[in-house]
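Asker: If it helps, the file is called target_34.tsv and holds TSV, C-alpha atoms and all ligand atoms:
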chain	number	residue	atom	x	y	z
A	1	MET	CA	20.31	-10.43	2.91
A	2	GLN	CA	18.48	-13.17	0.98
A	3	THR	CA	14.69	-12.88	0.99
A	4	GLN	CA	12.87	-16.20	1.06
A	5	ILE	CA	9.28	-16.62	-0.13
A	6	ARG	CA	7.77	-19.62	1.67
A	7	LYS	CA	4.35	-21.25	1.70
A	8	ILE	CA	2.79	-21.24	5.15
A	9	ASP	CA	3.53	-24.56	6.89
A	10	ALA	CA	4.93	-25.82	10.19
A	11	GLU	CA	8.51	-25.16	9.10
A	12	SER	CA	8.02	-21.63	7.76
A	13	LEU	CA	5.95	-20.70	10.84
A	14	ALA	CA	8.72	-21.89	13.15
A	15	LEU	CA	11.22	-19.83	11.15
A	16	ALA	CA	8.90	-16.81	11.27
A	17	LYS	CA	8.68	-17.00	15.05
A	18	GLU	CA	12.43	-17.38	15.44
A	19	LEU	CA	13.00	-14.33	13.22
A	20	LEU	CA	10.47	-12.17	15.07
A	21	LEU	CA	12.00	-13.06	18.42
A	22	GLN	CA	15.39	-11.95	17.03
A	23	GLY	CA	13.93	-8.54	16.17
A	24	GLU	CA	13.65	-9.32	12.45
A	25	MET	CA	10.73	-8.64	10.13
A	26	VAL	CA	8.41	-11.13	8.46
A	27	ALA	CA	5.92	-10.25	5.71
A	28	PHE	CA	2.59	-12.08	5.93
A	29	PRO	CA	-0.70	-12.18	4.02
A	30	THR	CA	-3.97	-10.70	5.26
A	31	GLU	CA	-7.37	-10.45	3.56
A	32	THR	CA	-6.68	-6.76	2.75
A	33	VAL	CA	-3.00	-6.35	1.80
A	34	TYR	CA	0.30	-7.98	2.87
A	35	GLY	CA	1.72	-6.77	6.19
A	36	LEU	CA	5.34	-6.25	7.28
A	37	GLY	CA	5.37	-7.68	10.80
A	38	ALA	CA	7.70	-7.21	13.75
A	39	ASP	CA	7.49	-7.87	17.50
A	40	ALA	CA	5.42	-4.92	18.79
A	41	ARG	CA	7.02	-5.18	22.24
A	42	SER	CA	10.51	-4.38	20.96
A	43	ASP	CA	11.57	-0.78	20.26
A	44	GLU	CA	14.34	-1.95	18.01
A	45	ALA	CA	12.17	-4.30	15.95
A	46	VAL	CA	9.54	-1.60	15.47
A	47	LEU	CA	12.16	0.99	14.50
A	48	ASN	CA	13.39	-1.47	11.87
A	49	ILE	CA	9.99	-1.32	10.17
A	50	TYR	CA	10.21	2.45	9.77
A	51	ARG	CA	13.76	2.18	8.49
A	52	VAL	CA	13.09	-0.56	5.95
A	53	LYS	CA	9.94	1.09	4.57
A	54	GLY	CA	11.29	4.64	4.63
A	55	ARG	CA	8.16	5.50	6.62
A	56	PRO	CA	7.76	8.88	8.33
A	57	GLN	CA	8.21	8.43	12.08
A	58	ASP	CA	4.98	10.18	13.01
A	59	ASN	CA	2.73	7.67	11.23
A	60	PRO	CA	1.66	5.02	13.78
A	61	LEU	CA	1.39	1.28	13.14
A	62	ILE	CA	-1.41	-1.22	13.63
A	63	VAL	CA	-0.88	-4.13	16.04
A	64	HIS	CA	-2.14	-7.48	14.70
A	65	VAL	CA	-3.28	-10.31	16.94
A	66	HIS	CA	-5.01	-13.69	16.53
A	67	LYS	CA	-8.67	-14.04	17.42
A	68	GLY	CA	-8.01	-15.69	20.81
A	69	PHE	CA	-5.57	-12.99	21.98
A	70	ASP	CA	-6.56	-11.14	25.15
A	71	LEU	CA	-7.28	-7.58	24.04
A	72	ASN	CA	-7.23	-6.34	27.63
A	73	THR	CA	-3.48	-6.88	27.83
A	74	LEU	CA	-3.05	-4.18	25.15
A	75	VAL	CA	-5.83	-1.62	25.52
A	76	TYR	CA	-8.69	-0.29	27.65
A	77	ASP	CA	-11.95	-1.55	26.16
A	78	GLU	CA	-14.20	1.24	27.40
A	79	ARG	CA	-17.13	1.55	24.98
A	80	PRO	CA	-19.93	-1.02	24.86
A	81	TYR	CA	-20.46	-0.38	21.14
A	82	ALA	CA	-16.87	-1.56	20.48
A	83	ALA	CA	-17.82	-5.07	21.62
A	84	LYS	CA	-20.73	-5.01	19.16
A	85	LEU	CA	-18.38	-4.00	16.33
A	86	ARG	CA	-15.97	-6.81	17.19
A	87	GLU	CA	-18.84	-9.28	17.28
A	88	ALA	CA	-20.17	-8.10	13.90
A	89	PHE	CA	-16.93	-7.63	11.94
A	90	LEU	CA	-13.98	-9.45	13.51
A	91	PRO	CA	-11.93	-11.25	12.47
A	92	GLY	CA	-12.01	-9.04	9.38
A	93	PRO	CA	-10.90	-5.84	7.66
A	94	LEU	CA	-11.69	-3.46	10.54
A	95	THR	CA	-9.00	-1.90	12.76
A	96	LEU	CA	-10.17	-0.40	16.05
A	97	VAL	CA	-8.31	2.40	17.83
A	98	TYR	CA	-8.50	2.16	21.64
A	99	ARG	CA	-6.83	3.91	24.55
A	100	SER	CA	-3.51	2.09	25.00
A	101	ARG	CA	-2.31	0.35	28.15
A	102	GLY	CA	1.25	1.11	27.07
A	103	THR	CA	2.30	-2.56	27.05
A	104	VAL	CA	3.80	-2.48	23.54
A	105	SER	CA	6.67	-0.31	22.35
A	106	LYS	CA	5.74	3.39	22.39
A	107	ILE	CA	7.19	3.69	18.90
A	108	VAL	CA	4.21	1.70	17.55
A	109	SER	CA	1.85	4.59	18.29
A	110	CYS	CA	4.42	7.37	17.75
A	111	GLY	CA	3.78	8.73	21.23
A	112	LEU	CA	-0.06	8.82	20.92
A	113	ASP	CA	-1.98	7.46	23.93
A	114	THR	CA	-4.04	5.22	21.64
A	115	LEU	CA	-3.32	1.87	19.96
A	116	ALA	CA	-4.77	0.50	16.72
A	117	VAL	CA	-5.56	-3.24	16.91
A	118	ARG	CA	-6.53	-5.53	14.04
A	119	VAL	CA	-7.63	-9.17	13.95
A	120	PRO	CA	-7.31	-10.25	10.30
A	121	SER	CA	-9.51	-13.06	8.96
A	122	HIS	CA	-7.08	-14.51	6.39
A	123	PRO	CA	-6.38	-18.12	7.48
A	124	GLY	CA	-2.65	-17.64	6.82
A	125	ALA	CA	-2.60	-14.50	8.98
A	126	GLN	CA	-4.45	-16.31	11.77
A	127	ALA	CA	-2.08	-19.30	11.56
A	128	PHE	CA	0.95	-16.98	11.74
A	129	LEU	CA	-0.41	-14.80	14.58
A	130	LYS	CA	-1.55	-17.82	16.58
A	131	TYR	CA	1.78	-19.56	16.15
A	132	VAL	CA	3.85	-16.57	17.25
A	133	ASP	CA	1.26	-15.56	19.89
A	134	LEU	CA	2.68	-12.02	20.08
A	135	PRO	CA	1.28	-8.61	19.26
A	136	VAL	CA	2.70	-8.04	15.76
A	137	ALA	CA	3.14	-4.44	14.61
A	138	ALA	CA	2.63	-4.29	10.85
A	139	PRO	CA	2.15	-1.65	8.21
A	140	SER	CA	1.47	-2.63	4.61
A	141	ALA	CA	4.56	-4.41	3.24
A	142	ASN	CA	5.45	-1.87	0.54
A	143	LEU	CA	8.07	0.85	0.39
A	144	SER	CA	6.55	4.04	1.81
A	145	LYS	CA	4.42	5.89	-0.80
A	146	HIS	CA	4.29	2.95	-3.20
A	147	VAL	CA	1.12	0.94	-3.93
A	148	SER	CA	0.26	-1.57	-1.17
A	149	PRO	CA	1.15	-5.19	-2.02
A	150	VAL	CA	-1.59	-7.75	-2.66
A	151	SER	CA	0.67	-10.73	-3.44
A	152	ALA	CA	3.93	-12.17	-2.10
A	153	GLN	CA	5.57	-11.17	-5.42
A	154	HIS	CA	4.58	-7.53	-4.87
A	155	VAL	CA	6.26	-7.62	-1.44
A	156	PHE	CA	9.36	-9.20	-2.98
A	157	TYR	CA	9.51	-6.48	-5.66
A	158	ASP	CA	9.61	-3.73	-3.00
A	159	LEU	CA	11.54	-5.37	-0.17
A	160	GLN	CA	13.85	-8.04	-1.62
A	161	GLY	CA	17.21	-8.00	0.12
A	162	ARG	CA	15.79	-5.98	3.02
A	163	ILE	CA	13.78	-8.63	4.91
A	164	PRO	CA	14.51	-12.33	5.46
A	165	LEU	CA	11.07	-13.93	4.98
A	166	ILE	CA	7.79	-13.50	3.11
A	167	LEU	CA	5.00	-15.92	4.04
A	168	ASP	CA	3.06	-16.58	0.84
A	169	GLY	CA	-0.69	-16.89	1.30
A	170	GLY	CA	-1.66	-16.17	-2.32
A	171	ALA	CA	-3.47	-13.08	-3.62
A	172	CYS	CA	-5.35	-10.93	-1.09
A	173	SER	CA	-9.11	-11.13	-1.63
A	174	GLY	CA	-10.04	-7.72	-0.17
A	175	GLY	CA	-7.49	-5.57	-1.91
A	176	ILE	CA	-7.59	-2.27	0.01
A	177	GLU	CA	-6.38	-1.60	3.55
A	178	SER	CA	-8.66	-2.12	6.55
A	179	THR	CA	-11.13	0.46	7.77
A	180	VAL	CA	-9.56	2.30	10.72
A	181	CYS	CA	-12.16	3.30	13.30
A	182	ASP	CA	-11.62	5.22	16.54
A	183	VAL	CA	-13.60	3.70	19.43
A	184	THR	CA	-12.40	5.98	22.23
A	185	GLY	CA	-15.28	8.44	21.92
A	186	PRO	CA	-19.03	8.27	22.64
A	187	TYR	CA	-19.63	6.89	19.13
A	188	PRO	CA	-17.33	5.40	16.47
A	189	THR	CA	-15.43	7.62	14.05
A	190	VAL	CA	-13.92	6.27	10.85
A	191	LEU	CA	-10.37	7.57	10.34
A	192	ARG	CA	-9.64	5.59	7.15
A	193	GLN	CA	-12.36	4.10	4.95
A	194	GLY	CA	-12.20	0.52	3.78
A	195	LEU	CA	-14.19	-2.66	3.23
A	196	VAL	CA	-16.21	-2.24	6.41
A	197	SER	CA	-18.12	0.87	5.39
A	198	ARG	CA	-19.38	3.75	7.53
A	199	GLU	CA	-22.91	2.57	6.78
A	200	MET	CA	-22.15	-0.96	8.06
A	201	ILE	CA	-20.70	0.42	11.30
A	202	GLU	CA	-23.63	2.76	11.76
A	203	LYS	CA	-26.07	-0.15	11.47
A	204	VAL	CA	-24.37	-1.91	14.38
A	205	ALA	CA	-23.44	1.07	16.59
A	206	GLY	CA	-26.37	3.38	15.87
A	207	ARG	CA	-24.13	6.23	14.75
A	208	CYS	CA	-20.85	6.57	12.92
A	209	ASP	CA	-19.03	9.64	11.64
A	210	VAL	CA	-16.20	9.92	9.15
A	211	TYR	CA	-13.37	12.09	10.36
A	212	VAL	CA	-12.50	14.93	8.02
A	213	PRO	CA	-9.48	16.96	9.17
A	214	LYS	CA	-10.17	20.68	9.43
A	215	ALA	CA	-7.60	23.14	8.13
A	216	GLY	CA	-4.89	23.77	10.72
A	217	GLU	CA	-6.05	20.96	13.06
A	218	GLN	CA	-3.66	18.25	14.23
A	219	VAL	CA	-4.50	15.13	12.19
A	220	ARG	CA	-6.02	12.26	14.18
A	221	SER	CA	-4.78	9.54	11.86
A	222	PRO	CA	-1.39	10.81	10.78
A	223	GLY	CA	-1.21	8.44	7.79
A	224	MET	CA	-3.89	10.51	6.10
A	225	LYS	CA	-1.65	13.45	5.43
A	226	TYR	CA	0.87	11.59	3.29
A	227	LYS	CA	0.75	10.88	-0.41
A	228	HIS	CA	0.18	7.17	-0.63
A	229	TYR	CA	-0.41	4.24	-2.88
A	230	ALA	CA	1.18	5.83	-5.96
A	231	PRO	CA	2.46	3.77	-8.90
A	232	LYS	CA	5.86	4.68	-10.34
A	233	CYS	CA	4.50	5.89	-13.66
A	234	ARG	CA	2.57	9.06	-14.38
A	235	THR	CA	-1.15	8.91	-13.60
A	236	CYS	CA	-4.13	11.13	-14.34
A	237	LEU	CA	-7.72	10.86	-13.25
A	238	PHE	CA	-10.92	12.06	-14.96
A	239	ASP	CA	-14.58	12.18	-14.01
A	240	SER	CA	-15.65	12.11	-17.64
A	241	ALA	CA	-14.97	9.05	-19.81
A	242	GLU	CA	-14.97	11.21	-22.96
A	243	GLU	CA	-12.30	13.50	-21.54
A	244	ALA	CA	-10.22	10.48	-20.49
A	245	ALA	CA	-10.48	8.97	-23.98
A	246	ALA	CA	-9.41	12.27	-25.58
A	247	ARG	CA	-6.42	12.58	-23.22
A	248	PHE	CA	-5.53	8.94	-23.86
A	249	ALA	CA	-5.45	9.61	-27.61
A	250	ALA	CA	-3.36	12.75	-27.10
A	251	PHE	CA	-0.77	10.84	-25.04
A	252	GLU	CA	-0.54	8.16	-27.70
A	253	LYS	CA	-0.03	10.82	-30.36
A	254	GLU	CA	2.86	12.21	-28.32
A	255	GLY	CA	4.39	8.72	-28.36
A	256	GLN	CA	3.53	7.93	-24.75
A	257	ARG	CA	2.24	4.46	-24.03
A	258	ALA	CA	-1.09	4.97	-22.26
A	259	TYR	CA	-3.22	2.44	-20.36
A	260	ALA	CA	-6.79	3.09	-19.24
A	261	LEU	CA	-7.83	2.16	-15.69
A	262	CYS	CA	-11.61	2.01	-15.65
A	263	GLU	CA	-14.81	0.12	-14.98
A	264	SER	CA	-15.64	-2.63	-17.50
A	265	LYS	CA	-18.38	-0.53	-19.09
A	266	TYR	CA	-15.78	1.91	-20.48
A	267	ALA	CA	-13.32	-0.72	-21.74
A	268	GLY	CA	-14.66	-0.49	-25.31
A	269	MET	CA	-13.58	3.17	-25.56
A	270	PHE	CA	-9.88	2.22	-25.52
A	271	PRO	CA	-7.66	0.07	-27.77
A	272	GLN	CA	-7.67	-3.65	-27.02
A	273	GLY	CA	-4.95	-4.75	-24.63
A	274	ARG	CA	-4.63	-1.25	-23.18
A	275	VAL	CA	-7.26	-1.51	-20.47
A	276	LEU	CA	-6.68	-2.21	-16.78
A	277	ASP	CA	-10.21	-3.43	-16.10
A	278	LEU	CA	-11.56	-2.73	-12.61
A	279	GLY	CA	-14.72	-4.78	-13.17
A	280	ASP	CA	-18.09	-3.35	-12.23
A	281	LYS	CA	-18.90	-4.28	-8.63
A	282	PRO	CA	-17.40	-2.34	-5.69
A	283	GLU	CA	-15.86	-5.48	-4.15
A	284	GLU	CA	-14.29	-6.36	-7.49
A	285	MET	CA	-12.85	-2.87	-7.89
A	286	ALA	CA	-11.36	-2.97	-4.37
A	287	ALA	CA	-9.85	-6.40	-4.99
A	288	ARG	CA	-8.30	-5.43	-8.34
A	289	LEU	CA	-7.19	-1.82	-7.84
A	290	TYR	CA	-3.69	-2.30	-6.40
A	291	ALA	CA	-2.80	-5.31	-8.58
A	292	LEU	CA	-3.79	-3.25	-11.65
A	293	LEU	CA	-1.80	-0.20	-10.53
A	294	ARG	CA	1.25	-2.43	-10.05
A	295	GLU	CA	0.69	-4.13	-13.41
A	296	GLY	CA	0.16	-0.74	-15.05
A	297	GLU	CA	3.38	0.81	-13.77
A	298	GLN	CA	5.36	-2.02	-15.41
A	299	VAL	CA	3.96	-1.43	-18.89
A	300	ALA	CA	2.61	2.12	-19.11
A	301	ASP	CA	4.19	5.55	-19.46
A	302	VAL	CA	0.93	6.95	-18.19
A	303	ILE	CA	-2.20	5.50	-16.58
A	304	VAL	CA	-5.38	7.35	-17.57
A	305	ALA	CA	-8.02	6.56	-14.95
A	306	ILE	CA	-11.76	7.21	-14.91
A	307	ARG	CA	-13.21	7.91	-11.47
A	308	PRO	CA	-16.29	5.72	-10.82
A	309	ALA	CA	-19.42	7.77	-10.10
A	310	GLU	CA	-20.67	5.61	-7.20
A	311	HIS	CA	-19.32	6.87	-3.88
A	312	ASP	CA	-21.34	5.20	-1.10
A	313	GLY	CA	-20.46	2.18	1.03
A	314	ILE	CA	-17.16	0.54	0.22
A	315	MET	CA	-16.78	2.69	-2.92
A	316	ALA	CA	-15.83	5.50	-0.52
A	317	GLY	CA	-12.71	3.50	0.35
A	318	VAL	CA	-11.98	2.58	-3.27
A	319	LEU	CA	-12.29	6.23	-4.38
A	320	ASN	CA	-10.08	7.39	-1.52
A	321	ARG	CA	-7.29	5.03	-2.71
A	322	LEU	CA	-7.78	5.88	-6.38
A	323	ASN	CA	-7.65	9.61	-5.61
A	324	LYS	CA	-4.46	9.19	-3.59
A	325	ALA	CA	-2.81	6.98	-6.21
A	326	CYS	CA	-3.50	9.53	-8.90
A	327	ALA	CA	-2.93	12.66	-6.78
A	328	GLY	CA	-0.72	15.42	-8.00
A	329	ASP	CA	-1.36	15.11	-11.73
A	401	LIG	O1	-5.33	-3.59	6.10
A	401	LIG	C1	-4.49	-3.02	6.82
A	401	LIG	O2	-4.81	-2.25	7.74
A	401	LIG	C2	-3.01	-3.31	6.54
A	401	LIG	C3	-2.74	-4.78	6.88
A	401	LIG	C4	-1.29	-5.13	6.78
A	401	LIG	O3	-3.26	-5.09	8.14
A	401	LIG	N1	-2.17	-2.44	7.29
A	401	LIG	C5	-2.03	-1.13	6.98
A	401	LIG	O4	-1.12	-0.45	7.77
A	401	LIG	O5	-2.64	-0.58	6.08
A	401	LIG	P1	-0.56	0.99	7.43
A	401	LIG	O6	0.56	1.20	8.39
A	401	LIG	O7	-0.21	1.06	6.00
A	401	LIG	O8	-1.71	1.97	7.83
A	401	LIG	C6	-2.07	2.16	9.18
A	401	LIG	C7	-3.05	3.30	9.29
A	401	LIG	C8	-2.37	4.64	9.07
A	401	LIG	O9	-3.25	5.48	8.34
A	401	LIG	C9	-2.17	5.15	10.50
A	401	LIG	O10	-2.11	6.56	10.56
A	401	LIG	C10	-3.40	4.59	11.20
A	401	LIG	O11	-3.58	3.31	10.62
A	401	LIG	N2	-3.16	4.43	12.65
A	401	LIG	C11	-2.38	3.53	13.28
A	401	LIG	N3	-2.39	3.70	14.61
A	401	LIG	C12	-3.22	4.73	14.86
A	401	LIG	C13	-3.65	5.38	16.05
A	401	LIG	N4	-3.22	5.02	17.24
A	401	LIG	N5	-4.53	6.40	15.91
A	401	LIG	C14	-4.96	6.79	14.68
A	401	LIG	N6	-4.59	6.20	13.51
A	401	LIG	C15	-3.73	5.19	13.61
A	402	MG	MG	0.36	1.56	4.07
Go ahead and express the file in the form of structure tokens.

Answerer:
Amino acid sequence: MQTQIRKIDAESLALAKELLLQGEMVAFPTETVYGLGADARSDEAVLNIYRVKGRPQDNPLIVHVHKGFDLNTLVYDERPYAAKLREAFLPGPLTLVYRSRGTVSKIVSCGLDTLAVRVPSHPGAQAFLKYVDLPVAAPSANLSKHVSPVSAQHVFYDLQGRIPLILDGGACSGGIESTVCDVTGPYPTVLRQGLVSREMIEKVAGRCDVYVPKAGEQVRSPGMKYKHYAPKCRTCLFDSAEEAAARFAAFEKEGQRAYALCESKYAGMFPQGRVLDLGDKPEEMAARLYALLREGEQVADVIVAIRPAEHDGIMAGVLNRLNKACAGD
């Protein structure tokens, strides 16, 4: 199969709709990462997503809709605070988990009685979702376990030959996946941290917890139990910049090409041209992280990362992704 990358225009949107209605997949931009979309009403189309990504079949998908879509056709909107969250943050990088009406394929939620719904703010995503006017099931458009894609070229690298169309909306501005927040309970619970922070949700809803799975408990957001976001090269992560610099030097001595992934303030500790610079503001770090991990895996034998000290607000989400990308080493 030939994979086309097309700018978003009347022609590519018409093609996208035709493909979705045939049960095919279409990759599209959002403000967080690129999504791999399929018609959420079709078992076969949704199964295709799992097959193409190599995704475990107990990790549910998010349904994407345009901002005018009637939520009540998909879910029960039972909590008054959920309306406040929609008003404050949508369209945007916040996914809300409701009790499902069961109107989309059951495979989307892997048999759970809930459904995750997202209304992305990216104009290209809105144009696509409005044009197709369907609930579109979409995970991030990477192969399972690889770093999420933040450009059409990243999607092409992972999925060329496996999907017919990538809608190109440029680089994603947000850079890490949406916050996933359960709104079925008496107050909101964050299941996956992201650019809408726990603190921001708490301000609007009065209270917000972050779900931390207890040992032995069934996981509420199954995606959390998998290793994720990892680049193809070796990675290691340090809290201390001095330790990272020493390890970097040791790798180089062994003949391994090392690259440092760190905040701008540490860049001077490493050789020129060997720094994957995260910047120094949380938003910057979120926006750059995945692009730098993908750049790094192309050139490095090993990425030596320094964990930023700040961990509040959206840094919680950035650290979560950095920890997962560098897990196991
Ligand atoms: O920013 C994003 O959310 C991107 C773009 C494409 O929208 N999508 C994305 O999808 O990151 P994915 O499939 O890579 O991650 C979906 C996350 C997983 O952690 C999954 O477990 C959780 O959402 N999830 C989906 N449905 C759920 C449900 N019903 N209950 C609990 N967690 C759910
Ligand atoms: Mg993903």

Asker: Would you pick out the contacts of A:Val132 at 12 Å or less, using all atoms listed in the file, so that residues sharing its chain but fewer than 4 positions from it are not included, and give the list as a list in words?

Answerer: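 What passes the distance filter is Ala10, Ser12, Leu13, Ala14, Leu15, Ala16, Lys17, Glu18, Leu19, Leu20, Leu21, Val26, Gly37, Ala38, Asp39, Ala40, His64, Val65, His66, Phe69, Ala125, Gln126, Ala127, Phe128 and Val136 of chain A.
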
Asker: Hey, which residues sit close to ligand LIG 401 (chain A)? Say within 7 Å, counting only C-alpha atoms and all ligand atoms, and write them as a PyMOL selection string.

Answerer: chain A and resi 30+32-36+59-62+93+95+97+109+112+114-116+118+120+138-141+176-180+191-192+220-224

Asker: In file coordinates, which residues lie within 8 Å of (0.4, 12.7, -8.7) using only C-alpha atoms, given as a PyMOL selection string?

Answerer: chain A and resi 230+234-236+324-329

Asker: Residues at most 12 Å from A:Ala241, counting all atoms listed in the file, excluding those fewer than 6 positions away in the same chain, as a short mmCIF file (atom, residue, chain, number, x, y, z; two decimals) with C-alpha atoms, keeping the file's coordinate frame?

Answerer:
data_model
loop_
_atom_site.label_atom_id
_atom_site.label_comp_id
_atom_site.auth_asym_id
_atom_site.auth_seq_id
_atom_site.Cartn_x
_atom_site.Cartn_y
_atom_site.Cartn_z
CA ARG A 247 -6.42 12.58 -23.22
CA PHE A 248 -5.53 8.94 -23.86
CA ALA A 260 -6.79 3.09 -19.24
CA LEU A 261 -7.83 2.16 -15.69
CA CYS A 262 -11.61 2.01 -15.65
CA GLU A 263 -14.81 0.12 -14.98
CA SER A 264 -15.64 -2.63 -17.50
CA LYS A 265 -18.38 -0.53 -19.09
CA TYR A 266 -15.78 1.91 -20.48
CA ALA A 267 -13.32 -0.72 -21.74
CA GLY A 268 -14.66 -0.49 -25.31
CA MET A 269 -13.58 3.17 -25.56
CA PHE A 270 -9.88 2.22 -25.52
CA VAL A 304 -5.38 7.35 -17.57
CA ALA A 305 -8.02 6.56 -14.95
CA ILE A 306 -11.76 7.21 -14.91
CA ARG A 307 -13.21 7.91 -11.47
CA PRO A 308 -16.29 5.72 -10.82
CA ALA A 309 -19.42 7.77 -10.10
#

Asker: With all atoms listed in the file as the basis for distance, which of A:Glu284, A:Glu297, A:Glu199, A:Asp182 is at the shortest distance from A:Arg79?

Answerer: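 Distance minimum relative to A:Arg79 lands on A:Asp182.
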
Asker: Please provide the set of residues having any atom within 8 Å of A:Pro91, restricted to all atoms listed in the file, with same-chain residues fewer than 2 positions apart removed, written as a ChimeraX atom specification.

Answerer: /A:67,86,89,93,119-121

Asker: Rank A:Leu289, A:Ile303, A:Ala250, A:Asp113 by their smallest atom-to-atom distance to A:Arg274, using all atoms listed in the file, and report the top residue only.

Answerer: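 Among the listed residues, A:Ile303 lies closest to A:Arg274.
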
Asker: Do a neighbour search on A:Thr103 at 9 Å with only C-alpha atoms, toss out local chain neighbours closer than 3 positions, and write the hits as JSON, numbers by chain.

Answerer: {"A": [41, 73, 74, 75, 100, 106]}

Asker: Take the selection from the previous step and output its residues with C-alpha atoms, as a short mmCIF file (atom, residue, chain, number, x, y, z; two decimals), in the frame of the given file.

Answerer:
data_model
loop_
_atom_site.label_atom_id
_atom_site.label_comp_id
_atom_site.auth_asym_id
_atom_site.auth_seq_id
_atom_site.Cartn_x
_atom_site.Cartn_y
_atom_site.Cartn_z
CA ARG A 41 7.02 -5.18 22.24
CA THR A 73 -3.48 -6.88 27.83
CA LEU A 74 -3.05 -4.18 25.15
CA VAL A 75 -5.83 -1.62 25.52
CA SER A 100 -3.51 2.09 25.00
CA LYS A 106 5.74 3.39 22.39
#

Asker: Can you tell me which residues surround A:Glu283 at a distance of at most 8 Å, considering only C-alpha atoms, apart from same-chain residues fewer than 3 positions away, and format the answer as a list in words?

Answerer: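 So, after excluding close chain neighbours, the residues are Gly174, Ala286, Ala287 and Ile314 of chain A.
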
Asker: Kindly give the distance, in Å, that separates atom CA of A:Phe28 and atom CA of A:Gly124, rounded to a single decimal.

Answerer: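 It comes out at 7.7 Å.
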
Asker: Could you check the closest approach to A:Ile166 for each of A:Gly54, A:Gly317, A:Gly23, A:Pro29 and tell me which residue wins, using all atoms listed in the file?

Answerer: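 The answer is A:Pro29, which sits nearest to A:Ile166.
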
Asker: Would you mind putting N, CA and C atoms back on stretch 249-262 of chain A and writing the result as a CSV table (one decimal), in the coordinates of the input?

Answerer:
chain,number,residue,atom,x,y,z
A,249,ALA,N,-5.9,9.5,-26.2
A,249,ALA,CA,-5.4,9.6,-27.6
A,249,ALA,C,-4.3,10.6,-27.8
A,250,ALA,N,-4.4,11.7,-27.0
A,250,ALA,CA,-3.4,12.8,-27.1
A,250,ALA,C,-2.0,12.2,-26.6
A,251,PHE,N,-2.0,11.4,-25.5
A,251,PHE,CA,-0.8,10.8,-25.0
A,251,PHE,C,-0.2,9.9,-26.1
A,252,GLU,N,-1.0,9.1,-26.7
A,252,GLU,CA,-0.5,8.2,-27.7
A,252,GLU,C,0.1,8.9,-28.9
A,253,LYS,N,-0.5,10.0,-29.3
A,253,LYS,CA,0.0,10.8,-30.4
A,253,LYS,C,1.4,11.4,-30.0
A,254,GLU,N,1.5,11.7,-28.8
A,254,GLU,CA,2.9,12.2,-28.3
A,254,GLU,C,3.9,11.1,-28.2
A,255,GLY,N,3.5,9.8,-28.5
A,255,GLY,CA,4.4,8.7,-28.4
A,255,GLY,C,4.5,8.1,-27.0
A,256,GLN,N,3.5,8.5,-26.1
A,256,GLN,CA,3.5,7.9,-24.8
A,256,GLN,C,2.6,6.8,-24.7
A,257,ARG,N,3.1,5.7,-24.1
A,257,ARG,CA,2.2,4.5,-24.0
A,257,ARG,C,1.2,4.6,-22.9
A,258,ALA,N,0.0,4.7,-23.3
A,258,ALA,CA,-1.1,5.0,-22.3
A,258,ALA,C,-1.9,3.7,-22.0
A,259,TYR,N,-2.3,3.5,-20.8
A,259,TYR,CA,-3.2,2.4,-20.4
A,259,TYR,C,-4.4,3.1,-19.6
A,260,ALA,N,-5.6,2.6,-19.9
A,260,ALA,CA,-6.8,3.1,-19.2
A,260,ALA,C,-7.1,2.2,-18.0
A,261,LEU,N,-7.4,2.9,-16.9
A,261,LEU,CA,-7.8,2.2,-15.7
A,261,LEU,C,-9.3,2.6,-15.5
A,262,CYS,N,-10.2,1.6,-15.7
A,262,CYS,CA,-11.6,2.0,-15.6
A,262,CYS,C,-12.5,0.8,-15.4
